[in-house]
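Working notes, structure below.
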Amino acid sequence: LAKTTQPISMDSYEGQEVNITCSHNNIATNDYITWYQQFPSQGPRFIIQGYKTKVTNEVASLFIPADRKSSTLSLPRVSLSDTAVYYCLVGGHTGGFKTIFGAGTRLFVKA
Amino acid sequence: DAGVIQSPRHEVTEMGQEVTLRCKPISGHDYLFWYRQTMMRGLELLIYFNNNVPIDDSGMPEDRFSAKMPNASFSTLKIQPSEPRDSAVYFCASSLIKGETQYFGPGTRLLVL
């Protein structure tokens, strides 16, 4: 199972772009990269998933370099409501399946 | 769809008592997961099912924990006997396809005194 490493915490201000990078040096060929967001007293919520290059949805963008050993979640123009814990996960769609949530990155957005 | 439903939302019990947590996955989802979250250990996968069959229970902490899925719309996680160190938030999640997005329930906050 590919292990992920993320910063423990990050601070930002409203309106700024936030980039959270996740390292996954042992990512396997079949592994996808998925990011979840968790607010206090709630379960994690899916944000975005990708395999390579760039993926964008209405919430965020995910940048994955060619070697796929890292990925960067980009949140454009954050607001106070984006304060949450963000988890990077690496897992496969085939074969054995197990989800490992690391410690996540605690993002605190200030006014 | 109402999403993943868990009950109870909060549970307070005394050490030694049996605790049963319940989960109703999203209709049509073939995978169901049970997680436990604590400040110390973060979010841990306990067990997951595929088409009602337990696939990987290596995360279940010990024999006091058991999980069942009698049908596609219902699963239980039982702790017997409960201990104070079992105090945590227990999440249930479901997904349509292996490796795809997991949808989490609101969780059950368990306190064992």
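Ligands are numbered from 1 in the order shown, chains are lettered A, B, ... in the order of the structure tokens, and residues start at 1 in each chain.
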
Could you give me, as a tab-separated table, a per-residue list for chain A showing, wherever an atom lies at most 12 Å from an atom of chain B, the closest pair of atoms and their distance in Å to one decimal, using only C-alpha atoms and sorting by chain then residue number from low to high?
```
residue	atom	partner	partner_atom	distance
A:Asn30	CA	B:Gly99	CA	10.3
A:Asp31	CA	B:Gly99	CA	8.9
A:Tyr32	CA	B:Gly99	CA	8.0
A:Ile33	CA	B:Gly99	CA	10.0
A:Thr34	CA	B:Thr101	CA	8.2
A:Trp35	CA	B:Thr101	CA	9.6
A:Tyr36	CA	B:Thr101	CA	9.3
A:Gln37	CA	B:Phe104	CA	11.1
A:Gln38	CA	B:Phe104	CA	10.2
A:Phe39	CA	B:Pro106	CA	10.8
A:Pro40	CA	B:Pro106	CA	10.6
A:Ser41	CA	B:Pro106	CA	7.6
A:Gln42	CA	B:Pro106	CA	5.4
A:Gly43	CA	B:Phe104	CA	5.3
A:Pro44	CA	B:Phe104	CA	6.2
A:Arg45	CA	B:Tyr103	CA	6.8
A:Phe46	CA	B:Thr101	CA	6.3
A:Ile47	CA	B:Thr101	CA	9.1
A:Ile48	CA	B:Thr101	CA	8.9
A:Gln49	CA	B:Thr101	CA	8.3
A:Gly50	CA	B:Glu100	CA	10.9
A:Val85	CA	B:Gly42	CA	11.2
A:Tyr87	CA	B:Leu43	CA	10.1
A:Leu89	CA	B:Gly99	CA	10.6
A:Val90	CA	B:Gly99	CA	9.5
A:Gly91	CA	B:Gly99	CA	6.7
A:Gly92	CA	B:Gly99	CA	5.8
A:His93	CA	B:Gly99	CA	4.4
A:Thr94	CA	B:Lys98	CA	7.3
A:Gly95	CA	B:Lys98	CA	9.2
A:Gly96	CA	B:Asp56	CA	9.2
A:Phe97	CA	B:Gly99	CA	7.0
A:Lys98	CA	B:Leu45	CA	7.9
A:Thr99	CA	B:Leu45	CA	6.9
A:Ile100	CA	B:Leu45	CA	7.0
A:Phe101	CA	B:Leu43	CA	5.9
A:Gly102	CA	B:Gly42	CA	7.3
A:Ala103	CA	B:Gly42	CA	6.1
A:Gly104	CA	B:Gly42	CA	8.7
A:Thr105	CA	B:Gly42	CA	11.8
```

Prev. selection, N, CA, C and O atoms, output as a short mmCIF file (atom, residue, chain, number, x, y, z; two decimals), in the first residue's frame:
```cif
data_model
loop_
_atom_site.label_atom_id
_atom_site.label_comp_id
_atom_site.auth_asym_id
_atom_site.auth_seq_id
_atom_site.Cartn_x
_atom_site.Cartn_y
_atom_site.Cartn_z
N ASN A 30 -1.53 1.02 -10.90
CA ASN A 30 -2.99 1.04 -10.94
C ASN A 30 -3.62 2.02 -9.95
O ASN A 30 -4.84 2.15 -9.91
N ASP A 31 -2.80 2.67 -9.15
CA ASP A 31 -3.33 3.53 -8.09
C ASP A 31 -3.86 4.85 -8.62
O ASP A 31 -3.24 5.50 -9.47
N TYR A 32 -5.01 5.26 -8.08
CA TYR A 32 -5.54 6.59 -8.31
C TYR A 32 -5.26 7.44 -7.07
O TYR A 32 -5.01 6.94 -5.99
N ILE A 33 -5.31 8.73 -7.25
CA ILE A 33 -5.09 9.68 -6.16
C ILE A 33 -6.41 10.39 -5.89
O ILE A 33 -7.04 10.94 -6.80
N THR A 34 -6.83 10.33 -4.63
CA THR A 34 -8.13 10.88 -4.25
C THR A 34 -7.95 11.81 -3.06
O THR A 34 -7.19 11.52 -2.15
N TRP A 35 -8.68 12.90 -3.08
CA TRP A 35 -8.66 13.85 -1.96
C TRP A 35 -10.05 13.95 -1.35
O TRP A 35 -11.06 14.02 -2.05
N TYR A 36 -10.04 13.96 0.01
CA TYR A 36 -11.28 14.12 0.76
C TYR A 36 -11.14 15.34 1.67
O TYR A 36 -10.06 15.73 2.08
N GLN A 37 -12.29 15.88 2.03
CA GLN A 37 -12.36 17.02 2.94
C GLN A 37 -13.22 16.60 4.13
O GLN A 37 -14.25 15.94 3.95
N GLN A 38 -12.81 16.98 5.33
CA GLN A 38 -13.61 16.65 6.50
C GLN A 38 -13.77 17.86 7.40
O GLN A 38 -12.78 18.44 7.86
N PHE A 39 -15.04 18.20 7.65
CA PHE A 39 -15.36 19.25 8.60
C PHE A 39 -15.57 18.61 9.97
O PHE A 39 -15.88 17.42 10.07
N PRO A 40 -15.42 19.40 11.04
CA PRO A 40 -15.66 18.86 12.38
C PRO A 40 -17.05 18.24 12.50
O PRO A 40 -18.02 18.78 11.98
N SER A 41 -17.10 17.11 13.15
CA SER A 41 -18.36 16.40 13.43
C SER A 41 -19.06 15.89 12.16
O SER A 41 -20.27 15.63 12.19
N GLN A 42 -18.31 15.76 11.08
CA GLN A 42 -18.87 15.19 9.86
C GLN A 42 -17.93 14.13 9.31
O GLN A 42 -16.75 14.10 9.64
N GLY A 43 -18.47 13.28 8.44
CA GLY A 43 -17.62 12.32 7.76
C GLY A 43 -16.88 12.97 6.62
O GLY A 43 -17.27 14.03 6.13
N PRO A 44 -15.79 12.35 6.17
CA PRO A 44 -15.05 12.88 5.02
C PRO A 44 -15.94 12.97 3.78
O PRO A 44 -16.85 12.16 3.59
N ARG A 45 -15.63 13.94 2.95
CA ARG A 45 -16.41 14.15 1.73
C ARG A 45 -15.45 14.20 0.55
O ARG A 45 -14.43 14.89 0.59
N PHE A 46 -15.77 13.48 -0.50
CA PHE A 46 -14.95 13.43 -1.71
C PHE A 46 -14.81 14.82 -2.33
O PHE A 46 -15.78 15.57 -2.44
N ILE A 47 -13.56 15.16 -2.72
CA ILE A 47 -13.34 16.42 -3.42
C ILE A 47 -13.01 16.16 -4.88
O ILE A 47 -13.65 16.69 -5.78
N ILE A 48 -11.97 15.34 -5.11
CA ILE A 48 -11.48 15.19 -6.47
C ILE A 48 -10.63 13.93 -6.56
O ILE A 48 -10.06 13.49 -5.56
N GLN A 49 -10.55 13.37 -7.74
CA GLN A 49 -9.74 12.18 -7.98
C GLN A 49 -9.06 12.29 -9.33
O GLN A 49 -9.66 12.82 -10.28
N GLY A 50 -7.83 11.76 -9.41
CA GLY A 50 -7.12 11.79 -10.68
C GLY A 50 -6.12 10.67 -10.80
O GLY A 50 -5.76 10.03 -9.80
N VAL A 85 -10.06 19.58 7.43
CA VAL A 85 -8.93 18.67 7.26
C VAL A 85 -9.02 18.05 5.88
O VAL A 85 -10.10 17.60 5.47
N TYR A 87 -7.54 15.19 3.25
CA TYR A 87 -6.83 13.91 3.20
C TYR A 87 -6.49 13.54 1.76
O TYR A 87 -7.33 13.65 0.87
N LEU A 89 -5.37 10.33 -0.49
CA LEU A 89 -5.38 8.87 -0.47
C LEU A 89 -4.88 8.34 -1.80
O LEU A 89 -5.13 8.91 -2.86
N VAL A 90 -4.20 7.22 -1.72
CA VAL A 90 -3.74 6.54 -2.92
C VAL A 90 -4.24 5.11 -2.87
O VAL A 90 -4.05 4.42 -1.89
N GLY A 91 -4.92 4.68 -3.91
CA GLY A 91 -5.45 3.33 -3.92
C GLY A 91 -5.80 2.89 -5.32
O GLY A 91 -5.93 3.70 -6.24
N GLY A 92 -5.96 1.57 -5.45
CA GLY A 92 -6.20 1.01 -6.76
C GLY A 92 -7.65 0.68 -7.01
O GLY A 92 -8.43 0.50 -6.09
N HIS A 93 -7.97 0.58 -8.27
CA HIS A 93 -9.31 0.19 -8.68
C HIS A 93 -9.39 -1.31 -8.94
O HIS A 93 -10.45 -1.84 -9.17
N THR A 94 -8.25 -1.95 -8.90
CA THR A 94 -8.25 -3.38 -9.19
C THR A 94 -7.48 -4.11 -8.10
O THR A 94 -6.77 -3.50 -7.31
N GLY A 95 -7.65 -5.36 -8.04
CA GLY A 95 -6.92 -6.17 -7.07
C GLY A 95 -7.35 -5.87 -5.65
O GLY A 95 -8.49 -5.51 -5.41
N GLY A 96 -6.49 -6.02 -4.72
CA GLY A 96 -6.82 -5.77 -3.32
C GLY A 96 -7.17 -4.31 -3.12
O GLY A 96 -6.60 -3.44 -3.76
N PHE A 97 -8.10 -4.04 -2.25
CA PHE A 97 -8.56 -2.68 -2.08
C PHE A 97 -8.58 -2.35 -0.61
O PHE A 97 -9.21 -3.02 0.17
N LYS A 98 -7.89 -1.31 -0.27
CA LYS A 98 -7.90 -0.86 1.12
C LYS A 98 -7.61 0.63 1.13
O LYS A 98 -6.73 1.09 0.43
N THR A 99 -8.36 1.34 1.92
CA THR A 99 -8.19 2.77 1.97
C THR A 99 -7.44 3.15 3.22
O THR A 99 -7.82 2.74 4.32
N ILE A 100 -6.37 3.87 3.08
CA ILE A 100 -5.60 4.33 4.22
C ILE A 100 -5.69 5.84 4.27
O ILE A 100 -5.17 6.53 3.39
N PHE A 101 -6.34 6.34 5.30
CA PHE A 101 -6.37 7.78 5.53
C PHE A 101 -5.18 8.13 6.41
O PHE A 101 -5.04 7.61 7.48
N GLY A 102 -4.35 9.03 5.95
CA GLY A 102 -3.24 9.50 6.77
C GLY A 102 -3.75 10.51 7.78
O GLY A 102 -4.94 10.58 8.05
N ALA A 103 -2.84 11.29 8.30
CA ALA A 103 -3.20 12.28 9.32
C ALA A 103 -3.92 13.48 8.71
O ALA A 103 -4.61 14.21 9.39
N GLY A 104 -3.75 13.68 7.40
CA GLY A 104 -4.41 14.80 6.74
C GLY A 104 -3.72 16.12 6.99
O GLY A 104 -2.78 16.22 7.80
N THR A 105 -4.18 17.14 6.29
CA THR A 105 -3.68 18.50 6.47
C THR A 105 -4.80 19.36 7.00
O THR A 105 -5.86 19.47 6.38
#
```

Could you tell me how far atom CA of B:Arg9 lies from atom CA of B:Ser58, in Å and to one decimal? 25.4 Å

Which of stretch 9-103 of chain B end up as strand (DSSP E or B) when DSSP is run on this backbone - answer as a PyMOL selection string? chain B and resi 10-13+19-24+31-38+42-50+53-56+65-71+74-79+88-95+103

Env of B:Val112: 9 Å cut, atoms = only C-alpha atoms, seq-sep filter 6 positions within chain, self excluded. Answer as a PyMOL selection string. chain B and resi 11-17+82-88

Those residues you just picked out, can you put them in a file as a PDB file, in the first residue's frame with N, CA and C atoms?
```pdb
ATOM      1  N   GLU B  11     -23.994   7.643  21.408  1.00  0.00           N
ATOM      2  CA  GLU B  11     -24.214   6.517  22.292  1.00  0.00           C
ATOM      3  C   GLU B  11     -23.286   6.664  23.492  1.00  0.00           C
ATOM      4  N   VAL B  12     -23.875   6.610  24.673  1.00  0.00           N
ATOM      5  CA  VAL B  12     -23.103   6.621  25.908  1.00  0.00           C
ATOM      6  C   VAL B  12     -23.434   5.334  26.644  1.00  0.00           C
ATOM      7  N   THR B  13     -22.413   4.592  27.012  1.00  0.00           N
ATOM      8  CA  THR B  13     -22.640   3.324  27.677  1.00  0.00           C
ATOM      9  C   THR B  13     -21.573   3.099  28.731  1.00  0.00           C
ATOM     10  N   GLU B  14     -21.779   2.096  29.522  1.00  0.00           N
ATOM     11  CA  GLU B  14     -20.815   1.776  30.564  1.00  0.00           C
ATOM     12  C   GLU B  14     -19.932   0.611  30.124  1.00  0.00           C
ATOM     13  N   MET B  15     -18.743   0.624  30.614  1.00  0.00           N
ATOM     14  CA  MET B  15     -17.797  -0.436  30.314  1.00  0.00           C
ATOM     15  C   MET B  15     -18.431  -1.804  30.562  1.00  0.00           C
ATOM     16  N   GLY B  16     -18.212  -2.703  29.630  1.00  0.00           N
ATOM     17  CA  GLY B  16     -18.742  -4.043  29.769  1.00  0.00           C
ATOM     18  C   GLY B  16     -20.052  -4.269  29.024  1.00  0.00           C
ATOM     19  N   GLN B  17     -20.706  -3.196  28.658  1.00  0.00           N
ATOM     20  CA  GLN B  17     -21.982  -3.323  27.953  1.00  0.00           C
ATOM     21  C   GLN B  17     -21.743  -3.612  26.463  1.00  0.00           C
ATOM     22  N   SER B  82     -17.781  -3.683  25.688  1.00  0.00           N
ATOM     23  CA  SER B  82     -17.162  -2.394  25.360  1.00  0.00           C
ATOM     24  C   SER B  82     -16.189  -1.968  26.464  1.00  0.00           C
ATOM     25  N   GLU B  83     -15.205  -1.181  26.053  1.00  0.00           N
ATOM     26  CA  GLU B  83     -14.204  -0.662  26.982  1.00  0.00           C
ATOM     27  C   GLU B  83     -14.034   0.833  26.721  1.00  0.00           C
ATOM     28  N   PRO B  84     -13.555   1.565  27.714  1.00  0.00           N
ATOM     29  CA  PRO B  84     -13.383   3.016  27.534  1.00  0.00           C
ATOM     30  C   PRO B  84     -12.532   3.375  26.321  1.00  0.00           C
ATOM     31  N   ARG B  85     -11.552   2.562  26.008  1.00  0.00           N
ATOM     32  CA  ARG B  85     -10.688   2.877  24.866  1.00  0.00           C
ATOM     33  C   ARG B  85     -11.390   2.707  23.518  1.00  0.00           C
ATOM     34  N   ASP B  86     -12.600   2.200  23.539  1.00  0.00           N
ATOM     35  CA  ASP B  86     -13.376   2.102  22.299  1.00  0.00           C
ATOM     36  C   ASP B  86     -14.082   3.421  21.973  1.00  0.00           C
ATOM     37  N   SER B  87     -14.017   4.357  22.881  1.00  0.00           N
ATOM     38  CA  SER B  87     -14.650   5.654  22.660  1.00  0.00           C
ATOM     39  C   SER B  87     -14.049   6.306  21.419  1.00  0.00           C
ATOM     40  N   ALA B  88     -14.919   6.666  20.488  1.00  0.00           N
ATOM     41  CA  ALA B  88     -14.467   7.193  19.201  1.00  0.00           C
ATOM     42  C   ALA B  88     -15.695   7.578  18.394  1.00  0.00           C
TER      43      ALA B  88
END
```

One decimal place gives the atom CA of A:Leu62-atom CA of A:Gly15 separation as 18.7 Å

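Closest approach to B:Ile5 among B:Ser94, B:Gly59, B:Thr38, B:Arg64 is made by B:Ser94 (distances from only C-alpha atoms).
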
Do you have the atom CA of B:Ser95-atom CA of A:Asn25 distance handy?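 That distance, rounded to one decimal, is 26.3 Å.
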
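For B:Lys68, the non-local neighbours within 8 Å, defined as residues at least 5 positions apart in the same chain or in other chains and counting only C-alpha atoms, are Pro54, Ser75, Thr76 and Leu77 of chain B.
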